[in-house]
$ cat upload.json   # JSON, C-alpha atoms
[["chain", "number", "residue", "atom", "x", "y", "z"],
["A", 1, "MET", "CA", 39.57, -12.12, 47.08],
["A", 2, "SER", "CA", 36.24, -10.39, 46.52],
["A", 3, "ALA", "CA", 35.70, -6.85, 45.39],
["A", 4, "VAL", "CA", 33.91, -6.16, 48.65],
["A", 5, "THR", "CA", 36.51, -7.37, 51.13],
["A", 6, "GLY", "CA", 39.74, -7.02, 49.16],
["A", 7, "ARG", "CA", 42.43, -4.45, 49.98],
["A", 8, "PRO", "CA", 42.01, -1.25, 47.91],
["A", 9, "SER", "CA", 43.90, -1.47, 44.62],
["A", 10, "LEU", "CA", 43.63, 0.88, 41.64],
["A", 11, "GLY", "CA", 44.03, -1.98, 39.21],
["A", 12, "ARG", "CA", 41.39, -4.07, 40.94],
["A", 13, "ASP", "CA", 39.00, -1.14, 41.14],
["A", 14, "ILE", "CA", 39.39, -0.36, 37.44],
["A", 15, "ALA", "CA", 38.83, -4.03, 36.63],
["A", 16, "GLN", "CA", 35.65, -3.98, 38.71],
["A", 17, "ILE", "CA", 34.37, -0.89, 36.94],
["A", 18, "VAL", "CA", 35.03, -2.50, 33.57],
["A", 19, "LEU", "CA", 33.36, -5.71, 34.77],
["A", 20, "SER", "CA", 30.31, -3.70, 35.77],
["A", 21, "SER", "CA", 29.78, -2.85, 32.07],
["A", 22, "ARG", "CA", 29.19, -6.58, 31.34],
["A", 23, "PRO", "CA", 31.83, -7.05, 28.59],
["A", 24, "ILE", "CA", 30.20, -10.32, 27.58],
["A", 25, "SER", "CA", 27.11, -8.35, 26.55],
["A", 26, "TRP", "CA", 28.75, -5.37, 24.82],
["A", 27, "ILE", "CA", 27.94, -6.74, 21.38],
["A", 28, "ASN", "CA", 24.21, -6.84, 22.16],
["A", 29, "THR", "CA", 23.91, -3.06, 21.89],
["A", 30, "ALA", "CA", 26.71, -2.28, 19.43],
["A", 31, "PHE", "CA", 25.54, -4.79, 16.82],
["A", 32, "PRO", "CA", 22.02, -3.33, 16.36],
["A", 33, "PHE", "CA", 23.43, 0.16, 15.80],
["A", 34, "ALA", "CA", 26.15, -0.98, 13.43],
["A", 35, "ALA", "CA", 23.83, -3.24, 11.44],
["A", 36, "ALA", "CA", 21.13, -0.59, 11.04],
["A", 37, "TYR", "CA", 23.60, 2.14, 10.11],
["A", 38, "LEU", "CA", 25.67, 0.01, 7.74],
["A", 39, "LEU", "CA", 22.69, -1.42, 5.85],
["A", 40, "SER", "CA", 21.30, 2.10, 5.43],
["A", 41, "THR", "CA", 24.49, 3.79, 4.21],
["A", 42, "ARG", "CA", 26.35, 0.78, 2.81],
["A", 43, "GLU", "CA", 29.62, 2.47, 3.69],
["A", 44, "ILE", "CA", 32.04, 2.65, 6.58],
["A", 45, "ASP", "CA", 32.53, 6.17, 7.90],
["A", 46, "ALA", "CA", 33.53, 7.95, 11.09],
["A", 47, "THR", "CA", 29.99, 7.99, 12.46],
["A", 48, "LEU", "CA", 29.65, 4.24, 12.05],
["A", 49, "VAL", "CA", 32.92, 3.66, 13.92],
["A", 50, "ILE", "CA", 32.28, 6.21, 16.67],
["A", 51, "GLY", "CA", 28.65, 5.22, 17.13],
["A", 52, "THR", "CA", 29.53, 1.54, 17.30],
["A", 53, "LEU", "CA", 32.26, 2.21, 19.86],
["A", 54, "TYR", "CA", 29.80, 4.25, 21.92],
["A", 55, "PHE", "CA", 27.16, 1.54, 22.02],
["A", 56, "LEU", "CA", 29.85, -1.07, 22.59],
["A", 57, "ILE", "CA", 31.45, 0.27, 25.79],
["A", 58, "PRO", "CA", 30.38, 3.65, 27.27],
["A", 59, "TYR", "CA", 26.70, 2.93, 26.77],
["A", 60, "ASN", "CA", 26.99, -0.39, 28.59],
["A", 61, "LEU", "CA", 29.09, 1.15, 31.36],
["A", 62, "ALA", "CA", 26.30, 3.65, 31.96],
["A", 63, "MET", "CA", 23.53, 1.06, 31.73],
["A", 64, "TYR", "CA", 25.04, -1.61, 33.94],
["A", 65, "GLY", "CA", 27.34, 0.53, 36.07],
["A", 66, "ILE", "CA", 24.45, 2.68, 37.29],
["A", 67, "ASN", "CA", 22.52, -0.50, 37.98],
["A", 68, "ASP", "CA", 25.33, -2.06, 40.00],
["A", 69, "VAL", "CA", 25.81, 1.08, 42.08],
["A", 70, "PHE", "CA", 22.18, 1.50, 43.08],
["A", 71, "ASP", "CA", 21.47, -2.23, 43.40],
["A", 72, "TYR", "CA", 24.43, -2.86, 45.68],
["A", 73, "ALA", "CA", 22.39, -3.65, 48.79],
["A", 74, "SER", "CA", 20.18, -6.21, 47.05],
["A", 75, "ASP", "CA", 23.07, -7.65, 45.01],
["A", 76, "LEU", "CA", 24.84, -8.60, 48.24],
["A", 77, "ALA", "CA", 22.12, -11.19, 48.81],
["A", 78, "ASN", "CA", 22.12, -12.41, 45.21],
["A", 79, "PRO", "CA", 24.45, -15.42, 44.75],
["A", 80, "ARG", "CA", 24.88, -14.88, 41.01],
["A", 81, "LYS", "CA", 26.38, -11.43, 41.38],
["A", 82, "GLY", "CA", 30.12, -10.87, 41.36],
["A", 83, "GLY", "CA", 30.96, -12.25, 37.92],
["A", 84, "ILE", "CA", 29.87, -12.03, 34.29],
["A", 85, "GLU", "CA", 26.25, -11.64, 35.39],
["A", 86, "GLY", "CA", 26.93, -8.51, 37.38],
["A", 87, "ALA", "CA", 29.75, -6.92, 39.30],
["A", 88, "LEU", "CA", 29.53, -6.54, 43.06],
["A", 89, "LEU", "CA", 31.08, -3.10, 43.28],
["A", 90, "ALA", "CA", 32.76, -2.08, 46.52],
["A", 91, "PRO", "CA", 31.04, 1.02, 47.94],
["A", 92, "ARG", "CA", 34.29, 2.98, 47.75],
["A", 93, "ILE", "CA", 34.16, 2.89, 43.92],
["A", 94, "HIS", "CA", 30.47, 3.68, 43.49],
["A", 95, "ARG", "CA", 31.17, 7.37, 42.87],
["A", 96, "ALA", "CA", 34.08, 6.52, 40.58],
["A", 97, "THR", "CA", 31.82, 4.23, 38.56],
["A", 98, "LEU", "CA", 29.22, 6.96, 38.06],
["A", 99, "TRP", "CA", 31.92, 9.45, 37.07],
["A", 100, "ALA", "CA", 33.44, 6.92, 34.66],
["A", 101, "ALA", "CA", 30.05, 6.40, 33.07],
["A", 102, "ALA", "CA", 29.46, 10.12, 32.67],
["A", 103, "LEU", "CA", 32.93, 10.99, 31.39],
["A", 104, "THR", "CA", 33.00, 8.20, 28.82],
["A", 105, "ASN", "CA", 29.49, 8.90, 27.55],
["A", 106, "VAL", "CA", 29.57, 12.67, 27.12],
["A", 107, "PRO", "CA", 32.16, 12.95, 24.29],
["A", 108, "PHE", "CA", 30.41, 10.31, 22.21],
["A", 109, "LEU", "CA", 26.99, 11.83, 22.82],
["A", 110, "LEU", "CA", 28.24, 15.27, 21.80],
["A", 111, "TYR", "CA", 29.58, 13.85, 18.55],
["A", 112, "LEU", "CA", 26.34, 12.02, 17.78],
["A", 113, "VAL", "CA", 24.36, 15.18, 18.45],
["A", 114, "VAL", "CA", 26.60, 17.28, 16.19],
["A", 115, "VAL", "CA", 26.35, 14.86, 13.25],
["A", 116, "GLY", "CA", 22.72, 14.03, 13.92],
["A", 117, "ASN", "CA", 19.32, 15.46, 13.11],
["A", 118, "PRO", "CA", 16.11, 16.09, 15.10],
["A", 119, "ALA", "CA", 14.94, 12.49, 14.68],
["A", 120, "SER", "CA", 18.24, 11.01, 15.84],
["A", 121, "TRP", "CA", 18.38, 13.48, 18.75],
["A", 122, "ILE", "CA", 14.98, 12.32, 19.96],
["A", 123, "TRP", "CA", 15.86, 8.63, 19.77],
["A", 124, "LEU", "CA", 19.27, 9.17, 21.32],
["A", 125, "ALA", "CA", 17.55, 10.99, 24.19],
["A", 126, "VAL", "CA", 15.09, 8.11, 24.56],
["A", 127, "SER", "CA", 17.97, 5.66, 24.62],
["A", 128, "VAL", "CA", 19.97, 7.53, 27.26],
["A", 129, "PHE", "CA", 16.88, 8.22, 29.36],
["A", 130, "ALA", "CA", 15.98, 4.54, 29.37],
["A", 131, "VAL", "CA", 19.50, 3.68, 30.53],
["A", 132, "ILE", "CA", 19.31, 6.11, 33.43],
["A", 133, "ALA", "CA", 15.65, 5.57, 34.32],
["A", 134, "TYR", "CA", 16.04, 1.82, 34.67],
["A", 135, "SER", "CA", 18.15, 2.03, 37.84],
["A", 136, "ALA", "CA", 18.49, 5.63, 39.06],
["A", 137, "PRO", "CA", 16.79, 6.61, 42.33],
["A", 138, "GLY", "CA", 13.51, 8.43, 41.85],
["A", 139, "LEU", "CA", 12.79, 6.62, 38.60],
["A", 140, "ARG", "CA", 13.78, 2.97, 39.12],
["A", 141, "PHE", "CA", 11.82, 1.63, 36.16],
["A", 142, "LYS", "CA", 13.34, -1.76, 36.96],
["A", 143, "GLU", "CA", 11.00, -1.89, 39.96],
["A", 144, "ARG", "CA", 7.88, -1.11, 37.93],
["A", 145, "PRO", "CA", 6.51, -4.43, 36.67],
["A", 146, "PHE", "CA", 6.08, -4.66, 32.88],
["A", 147, "LEU", "CA", 7.68, -1.23, 32.50],
["A", 148, "ASP", "CA", 10.88, -2.99, 33.56],
["A", 149, "SER", "CA", 10.79, -5.30, 30.55],
["A", 150, "ILE", "CA", 9.74, -2.48, 28.22],
["A", 151, "THR", "CA", 12.61, -0.30, 29.39],
["A", 152, "SER", "CA", 15.13, -3.12, 29.17],
["A", 153, "SER", "CA", 14.08, -3.90, 25.60],
["A", 154, "THR", "CA", 14.43, -0.22, 24.74],
["A", 155, "HIS", "CA", 18.08, -0.48, 25.77],
["A", 156, "PHE", "CA", 18.72, -2.85, 22.87],
["A", 157, "VAL", "CA", 16.29, -1.67, 20.21],
["A", 158, "SER", "CA", 16.94, 2.07, 20.50],
["A", 159, "PRO", "CA", 20.55, 1.84, 19.24],
["A", 160, "ALA", "CA", 19.21, 0.39, 16.00],
["A", 161, "ILE", "CA", 16.66, 3.20, 15.71],
["A", 162, "VAL", "CA", 19.38, 5.77, 16.40],
["A", 163, "GLY", "CA", 21.41, 4.23, 13.58],
["A", 164, "LEU", "CA", 18.48, 4.40, 11.19],
["A", 165, "ALA", "CA", 17.63, 7.97, 12.21],
["A", 166, "LEU", "CA", 21.21, 9.16, 11.74],
["A", 167, "THR", "CA", 21.15, 7.97, 8.15],
["A", 168, "GLY", "CA", 17.69, 9.31, 7.39],
["A", 169, "ALA", "CA", 16.55, 5.84, 6.38],
["A", 170, "PRO", "CA", 12.94, 5.70, 5.16],
["A", 171, "VAL", "CA", 10.38, 4.21, 7.52],
["A", 172, "THR", "CA", 9.04, 1.14, 5.74],
["A", 173, "THR", "CA", 6.57, -1.48, 6.88],
["A", 174, "GLY", "CA", 9.31, -4.09, 6.83],
["A", 175, "THR", "CA", 11.57, -1.99, 9.04],
["A", 176, "VAL", "CA", 8.79, -1.36, 11.54],
["A", 177, "VAL", "CA", 7.94, -5.08, 11.75],
["A", 178, "ILE", "CA", 11.60, -5.98, 12.29],
["A", 179, "LEU", "CA", 11.90, -3.42, 15.09],
["A", 180, "ILE", "CA", 8.68, -4.66, 16.71],
["A", 181, "ALA", "CA", 9.93, -8.26, 16.54],
["A", 182, "PHE", "CA", 13.25, -7.18, 18.06],
["A", 183, "PHE", "CA", 11.38, -5.31, 20.80],
["A", 184, "LEU", "CA", 9.29, -8.37, 21.67],
["A", 185, "TRP", "CA", 12.46, -10.46, 21.75],
["A", 186, "GLY", "CA", 13.99, -7.96, 24.17],
["A", 187, "MET", "CA", 10.98, -8.02, 26.46],
["A", 188, "ALA", "CA", 11.05, -11.83, 26.48],
["A", 189, "ALA", "CA", 14.74, -11.85, 27.31],
["A", 190, "HIS", "CA", 14.35, -9.46, 30.24],
["A", 191, "ALA", "CA", 11.31, -11.24, 31.62],
["A", 192, "PHE", "CA", 12.99, -14.64, 31.45],
["A", 193, "GLY", "CA", 16.10, -13.24, 33.11],
["A", 194, "ALA", "CA", 13.98, -11.86, 35.94],
["A", 195, "VAL", "CA", 12.68, -15.32, 36.83],
["A", 196, "GLN", "CA", 15.95, -16.45, 38.40],
["A", 197, "ASP", "CA", 15.87, -13.46, 40.77],
["A", 198, "VAL", "CA", 12.34, -13.91, 42.11],
["A", 199, "GLY", "CA", 13.64, -15.01, 45.53],
["A", 200, "PRO", "CA", 16.35, -12.36, 46.04],
["A", 201, "ASP", "CA", 14.13, -9.60, 44.62],
["A", 202, "ARG", "CA", 11.25, -10.42, 46.94],
["A", 203, "GLU", "CA", 13.56, -10.57, 49.93],
["A", 204, "ALA", "CA", 14.93, -7.14, 49.00],
["A", 205, "GLY", "CA", 11.46, -5.72, 48.37],
["A", 206, "ILE", "CA", 12.18, -5.18, 44.68],
["A", 207, "GLY", "CA", 9.24, -5.47, 42.33],
["A", 208, "SER", "CA", 9.63, -6.95, 38.86],
["A", 209, "ILE", "CA", 7.48, -8.56, 36.23],
["A", 210, "ALA", "CA", 8.45, -11.96, 37.68],
["A", 211, "THR", "CA", 7.77, -11.11, 41.33],
["A", 212, "VAL", "CA", 4.30, -9.80, 40.40],
["A", 213, "ILE", "CA", 2.95, -12.49, 38.08],
["A", 214, "GLY", "CA", 5.16, -15.30, 39.34],
["A", 215, "ALA", "CA", 7.90, -17.41, 37.82],
["A", 216, "ARG", "CA", 5.63, -19.79, 35.90],
["A", 217, "ALA", "CA", 3.56, -17.06, 34.24],
["A", 218, "THR", "CA", 6.70, -15.09, 33.39],
["A", 219, "VAL", "CA", 8.35, -18.03, 31.65],
["A", 220, "ARG", "CA", 5.17, -18.66, 29.67],
["A", 221, "LEU", "CA", 4.94, -15.00, 28.72],
["A", 222, "SER", "CA", 8.56, -15.08, 27.54],
["A", 223, "VAL", "CA", 7.90, -18.12, 25.35],
["A", 224, "VAL", "CA", 4.85, -16.42, 23.82],
["A", 225, "LEU", "CA", 6.79, -13.21, 23.14],
["A", 226, "TRP", "CA", 9.65, -15.09, 21.51],
["A", 227, "THR", "CA", 7.15, -17.04, 19.40],
["A", 228, "VAL", "CA", 5.37, -13.90, 18.22],
["A", 229, "ALA", "CA", 8.71, -12.21, 17.55],
["A", 230, "GLY", "CA", 9.82, -15.12, 15.37],
["A", 231, "ALA", "CA", 6.49, -15.35, 13.55],
["A", 232, "SER", "CA", 6.54, -11.60, 12.89],
["A", 233, "MET", "CA", 9.77, -11.94, 10.95],
["A", 234, "LEU", "CA", 7.91, -14.05, 8.39],
["A", 235, "LEU", "CA", 6.07, -10.87, 7.37],
["A", 236, "THR", "CA", 9.24, -8.99, 6.43],
["A", 237, "PRO", "CA", 11.00, -8.66, 3.04],
["A", 238, "TRP", "CA", 13.56, -11.26, 2.01],
["A", 239, "PRO", "CA", 16.00, -12.30, 3.44],
["A", 240, "ALA", "CA", 14.74, -11.12, 6.85],
["A", 241, "PRO", "CA", 12.23, -14.01, 7.19],
["A", 242, "LEU", "CA", 15.22, -16.31, 7.68],
["A", 243, "ALA", "CA", 15.64, -14.65, 11.07],
["A", 244, "ALA", "CA", 12.41, -16.28, 12.23],
["A", 245, "VAL", "CA", 14.38, -19.42, 13.07],
["A", 246, "LEU", "CA", 16.55, -17.44, 15.48],
["A", 247, "ALA", "CA", 13.69, -17.45, 17.98],
["A", 248, "VAL", "CA", 13.55, -21.25, 18.10],
["A", 249, "PRO", "CA", 16.65, -21.88, 20.30],
["A", 250, "TYR", "CA", 15.40, -19.35, 22.85],
["A", 251, "ILE", "CA", 12.00, -21.01, 22.99],
["A", 252, "VAL", "CA", 13.58, -24.45, 23.36],
["A", 253, "ASN", "CA", 15.84, -23.11, 26.10],
["A", 254, "ALA", "CA", 12.91, -21.73, 28.09],
["A", 255, "LEU", "CA", 10.32, -24.47, 27.56],
["A", 256, "PRO", "CA", 11.70, -26.87, 30.23],
["A", 257, "TRP", "CA", 10.68, -24.24, 32.80],
["A", 258, "TRP", "CA", 7.07, -23.99, 31.58],
["A", 259, "ASN", "CA", 5.81, -25.20, 34.97],
["A", 260, "VAL", "CA", 8.55, -23.76, 37.19],
["A", 261, "THR", "CA", 7.52, -22.70, 40.68],
["A", 262, "ASP", "CA", 8.58, -19.59, 42.49],
["A", 263, "GLU", "CA", 10.48, -21.77, 44.93],
["A", 264, "GLY", "CA", 12.45, -23.42, 42.13],
["A", 265, "SER", "CA", 12.93, -20.29, 40.05],
["A", 266, "ALA", "CA", 16.62, -19.87, 40.93],
["A", 267, "ALA", "CA", 17.39, -23.04, 38.93],
["A", 268, "THR", "CA", 16.48, -21.21, 35.70],
["A", 269, "ASN", "CA", 19.93, -19.63, 35.96],
["A", 270, "ARG", "CA", 21.20, -22.68, 34.06],
["A", 271, "SER", "CA", 19.10, -21.71, 31.07],
["A", 272, "TRP", "CA", 19.99, -18.04, 31.52],
["A", 273, "ARG", "CA", 23.67, -18.90, 31.15],
["A", 274, "ARG", "CA", 22.81, -20.82, 27.99],
["A", 275, "PHE", "CA", 20.84, -17.75, 26.88],
["A", 276, "ILE", "CA", 24.05, -15.70, 27.01],
["A", 277, "ALA", "CA", 25.75, -18.24, 24.73],
["A", 278, "LEU", "CA", 22.72, -18.33, 22.42],
["A", 279, "ASN", "CA", 23.08, -14.59, 21.86],
["A", 280, "TYR", "CA", 26.46, -15.17, 20.24],
["A", 281, "ILE", "CA", 25.11, -17.95, 18.03],
["A", 282, "ALA", "CA", 22.10, -15.86, 17.05],
["A", 283, "GLY", "CA", 24.38, -12.90, 16.41],
["A", 284, "PHE", "CA", 26.54, -14.95, 14.07],
["A", 285, "LEU", "CA", 23.50, -16.18, 12.13],
["A", 286, "ALA", "CA", 22.04, -12.67, 12.02],
["A", 287, "THR", "CA", 25.33, -11.48, 10.56],
["A", 288, "MET", "CA", 25.05, -14.10, 7.80],
["A", 289, "ILE", "CA", 21.55, -12.85, 7.03],
["A", 290, "LEU", "CA", 22.79, -9.27, 6.94],
["A", 291, "ILE", "CA", 25.53, -10.26, 4.50],
["A", 292, "LEU", "CA", 22.89, -11.90, 2.32],
["A", 293, "ALA", "CA", 20.83, -8.73, 2.48],
["A", 294, "TRP", "CA", 23.92, -6.70, 1.56],
["A", 295, "VAL", "CA", 24.62, -8.67, -1.61],
["A", 296, "SER", "CA", 20.98, -9.04, -2.64]]
$ encode --input "upload.json" --output "structure tokens"
Amino acid sequence: MSAVTGRPSLGRDIAQIVLSSRPISWINTAFPFAAAYLLSTREIDATLVIGTLYFLIPYNLAMYGINDVFDYASDLANPRKGGIEGALLAPRIHRATLWAAALTNVPFLLYLVVVGNPASWIWLAVSVFAVIAYSAPGLRFKERPFLDSITSSTHFVSPAIVGLALTGAPVTTGTVVILIAFFLWGMAAHAFGAVQDVGPDREAGIGSIATVIGARATVRLSVVLWTVAGASMLLTPWPAPLAAVLAVPYIVNALPWWNVTDEGSAATNRSWRRFIALNYIAGFLATMILILAWVS
């Protein structure tokens, strides 16, 4: 029974709110924070645990929950919504979702502000603003082509910068290059993900990088961004250059759609589902590289 038509149930509603946070993607924001913080301090403390928990669940509930609330009308016409790729929240729990996002975020944010410093405050503010601005009415950065991919990438890179800022880590050339490469990867990921929604987005009047430049150009841009991101890692201190190979599976996954048409863009969902699995593989390999960096 769907979330839209099912009989009201507290358990079902809570499950839908949790689903709206995209549990399958929680690690994508928690890992960057934890990795950056841990490599900078080389110790496990309360801030590492609390910060990681924040970017694991509340942060994602805010990011995706707000999106699902304000995208409800267009999501109704999107066949891939209603599962791991996005909850289809019943209107009756829209307000509850927004309250859940606020109430779970505030305590963590207060803690991070108290233990932080001016630099971490700024980056934490950037991170939270990007989460809200992506979907909230009046801002809706997700409907501003190119800014949509930039904002989405900020969602994943900013936790790492917050982690570095909290520790007072020095700004080195290697760190900057790694963050740039990560940012390009994030832009590529968002742009490629937007391709599958070209049809539904155009029908709903939603602008995106893919609806503006077309499915084919967006796929090609994603491949280029992933390639540059991987190549950039070769300019970083050892053992970070090993991460250059992490871009290869994403490129291979996207290349079959090099000549995709707007009409056939929905079929890229097959590669998008593989993309979700690739994130776990890449995360495992990145962890091995981090361990190597730890013992070096």
$ closest_residue --input "upload.json" --among "A:Pro249, A:Gly168, A:Gly205, A:Gly199" --to "Val223 (chain A)" --atoms "only C-alpha atoms"
A:Pro249
$ closest_residue --input "upload.json" --among "A:Pro170, A:Pro58, A:Gly283, A:Gly186" --to "Leu225 (chain A)" --atoms "all atoms listed in the file"
A:Gly186
$ closest_residue --input "upload.json" --among "A:Ile57, A:Val295, A:Ala34, A:Ile93" --to "Arg22 (chain A)" --atoms "only C-alpha atoms"
A:Ile57
$ closest_residue --input "upload.json" --among "A:Ser158, A:Asn117, A:Thr167, A:Asn67" --to "Ile132 (chain A)" --atoms "only C-alpha atoms"
A:Asn67
$ atom_distance --input "upload.json" --atom1 "CA of Asp197 (chain A)" --atom2 "CA of Ser127 (chain A)"
25.1 Å
$ residues_around --input "upload.json" --residues "Met233 (chain A)" --least-positions-apart "6" --cutoff "10 Å" --atoms "all atoms listed in the file" --output "list in words"
Gly174, Val177, Ile178, Leu179, Ile180, Ala181, Phe182, Pro239, Ala240, Pro241, Leu242, Ala243, Ala244, Val245, Leu246 and Ala247 of chain A
$ write_last_selection --input "upload.json" --atoms "C-alpha atoms" --output "PDB file, in the frame of the given file"
ATOM      1  CA  GLY A 174       9.310  -4.090   6.830  1.00  0.00           C
ATOM      2  CA  VAL A 177       7.940  -5.080  11.750  1.00  0.00           C
ATOM      3  CA  ILE A 178      11.600  -5.980  12.290  1.00  0.00           C
ATOM      4  CA  LEU A 179      11.900  -3.420  15.090  1.00  0.00           C
ATOM      5  CA  ILE A 180       8.680  -4.660  16.710  1.00  0.00           C
ATOM      6  CA  ALA A 181       9.930  -8.260  16.540  1.00  0.00           C
ATOM      7  CA  PHE A 182      13.250  -7.180  18.060  1.00  0.00           C
ATOM      8  CA  PRO A 239      16.000 -12.300   3.440  1.00  0.00           C
ATOM      9  CA  ALA A 240      14.740 -11.120   6.850  1.00  0.00           C
ATOM     10  CA  PRO A 241      12.230 -14.010   7.190  1.00  0.00           C
ATOM     11  CA  LEU A 242      15.220 -16.310   7.680  1.00  0.00           C
ATOM     12  CA  ALA A 243      15.640 -14.650  11.070  1.00  0.00           C
ATOM     13  CA  ALA A 244      12.410 -16.280  12.230  1.00  0.00           C
ATOM     14  CA  VAL A 245      14.380 -19.420  13.070  1.00  0.00           C
ATOM     15  CA  LEU A 246      16.550 -17.440  15.480  1.00  0.00           C
ATOM     16  CA  ALA A 247      13.690 -17.450  17.980  1.00  0.00           C
TER      17      ALA A 247
END
$ closest_residue --input "upload.json" --among "A:Ser21, A:Pro137, A:Leu10, A:Gly163" --to "Leu48 (chain A)" --atoms "all atoms listed in the file"
A:Gly163
$ closest_residue --input "upload.json" --among "A:Ala267, A:Val157, A:Ala194, A:Ile251" --to "Ile206 (chain A)" --atoms "only C-alpha atoms"
A:Ala194
$ residues_around --input "upload.json" --residues "Val198 (chain A)" --least-positions-apart "3" --cutoff "12 Å" --atoms "all atoms listed in the file" --output "PyMOL selection string"
chain A and resi 78+191-195+201-216+218-219+260-269
$ write_last_selection --input "upload.json" --atoms "C-alpha atoms" --output "short mmCIF file (atom, residue, chain, number, x, y, z; two decimals), in the frame of the given file"
data_model
loop_
_atom_site.label_atom_id
_atom_site.label_comp_id
_atom_site.auth_asym_id
_atom_site.auth_seq_id
_atom_site.Cartn_x
_atom_site.Cartn_y
_atom_site.Cartn_z
CA ASN A 78 22.12 -12.41 45.21
CA ALA A 191 11.31 -11.24 31.62
CA PHE A 192 12.99 -14.64 31.45
CA GLY A 193 16.10 -13.24 33.11
CA ALA A 194 13.98 -11.86 35.94
CA VAL A 195 12.68 -15.32 36.83
CA ASP A 201 14.13 -9.60 44.62
CA ARG A 202 11.25 -10.42 46.94
CA GLU A 203 13.56 -10.57 49.93
CA ALA A 204 14.93 -7.14 49.00
CA GLY A 205 11.46 -5.72 48.37
CA ILE A 206 12.18 -5.18 44.68
CA GLY A 207 9.24 -5.47 42.33
CA SER A 208 9.63 -6.95 38.86
CA ILE A 209 7.48 -8.56 36.23
CA ALA A 210 8.45 -11.96 37.68
CA THR A 211 7.77 -11.11 41.33
CA VAL A 212 4.30 -9.80 40.40
CA ILE A 213 2.95 -12.49 38.08
CA GLY A 214 5.16 -15.30 39.34
CA ALA A 215 7.90 -17.41 37.82
CA ARG A 216 5.63 -19.79 35.90
CA THR A 218 6.70 -15.09 33.39
CA VAL A 219 8.35 -18.03 31.65
CA VAL A 260 8.55 -23.76 37.19
CA THR A 261 7.52 -22.70 40.68
CA ASP A 262 8.58 -19.59 42.49
CA GLU A 263 10.48 -21.77 44.93
CA GLY A 264 12.45 -23.42 42.13
CA SER A 265 12.93 -20.29 40.05
CA ALA A 266 16.62 -19.87 40.93
CA ALA A 267 17.39 -23.04 38.93
CA THR A 268 16.48 -21.21 35.70
CA ASN A 269 19.93 -19.63 35.96
#
$ atom_distance --input "upload.json" --atom1 "CA of Leu39 (chain A)" --atom2 "CA of Trp294 (chain A)"
6.9 Å
$ residues_around --input "upload.json" --residues "Tyr250 (chain A)" --least-positions-apart "3" --cutoff "10 Å" --atoms "only C-alpha atoms" --output "list in words"
Trp185, Ala188, Ala189, Ser222, Val223, Trp226, Thr227, Val245, Leu246, Ala247, Asn253, Ala254, Leu255, Ser271, Trp272, Arg274, Phe275, Leu278, Asn279 and Ala282 of chain A
$ residues_around --input "upload.json" --residues "Thr52 (chain A)" --least-positions-apart "2" --cutoff "12 Å" --atoms "all atoms listed in the file" --output "ChimeraX atom specification"
/A:26-38,44-50,54-60,108-109,112,159-160,162-163
$ axis_aligned_box --input "upload.json" --around "region 285-292 of chain A" --padding-each-side "3 Å" --output "JSON"
{"center_x": 23.5, "center_y": -12.7, "center_z": 7.2, "size_x": 10.0, "size_y": 12.9, "size_z": 15.8}
$ atom_distance --input "upload.json" --atom1 "CA of Ser135 (chain A)" --atom2 "CA of Tyr64 (chain A)"
8.7 Å
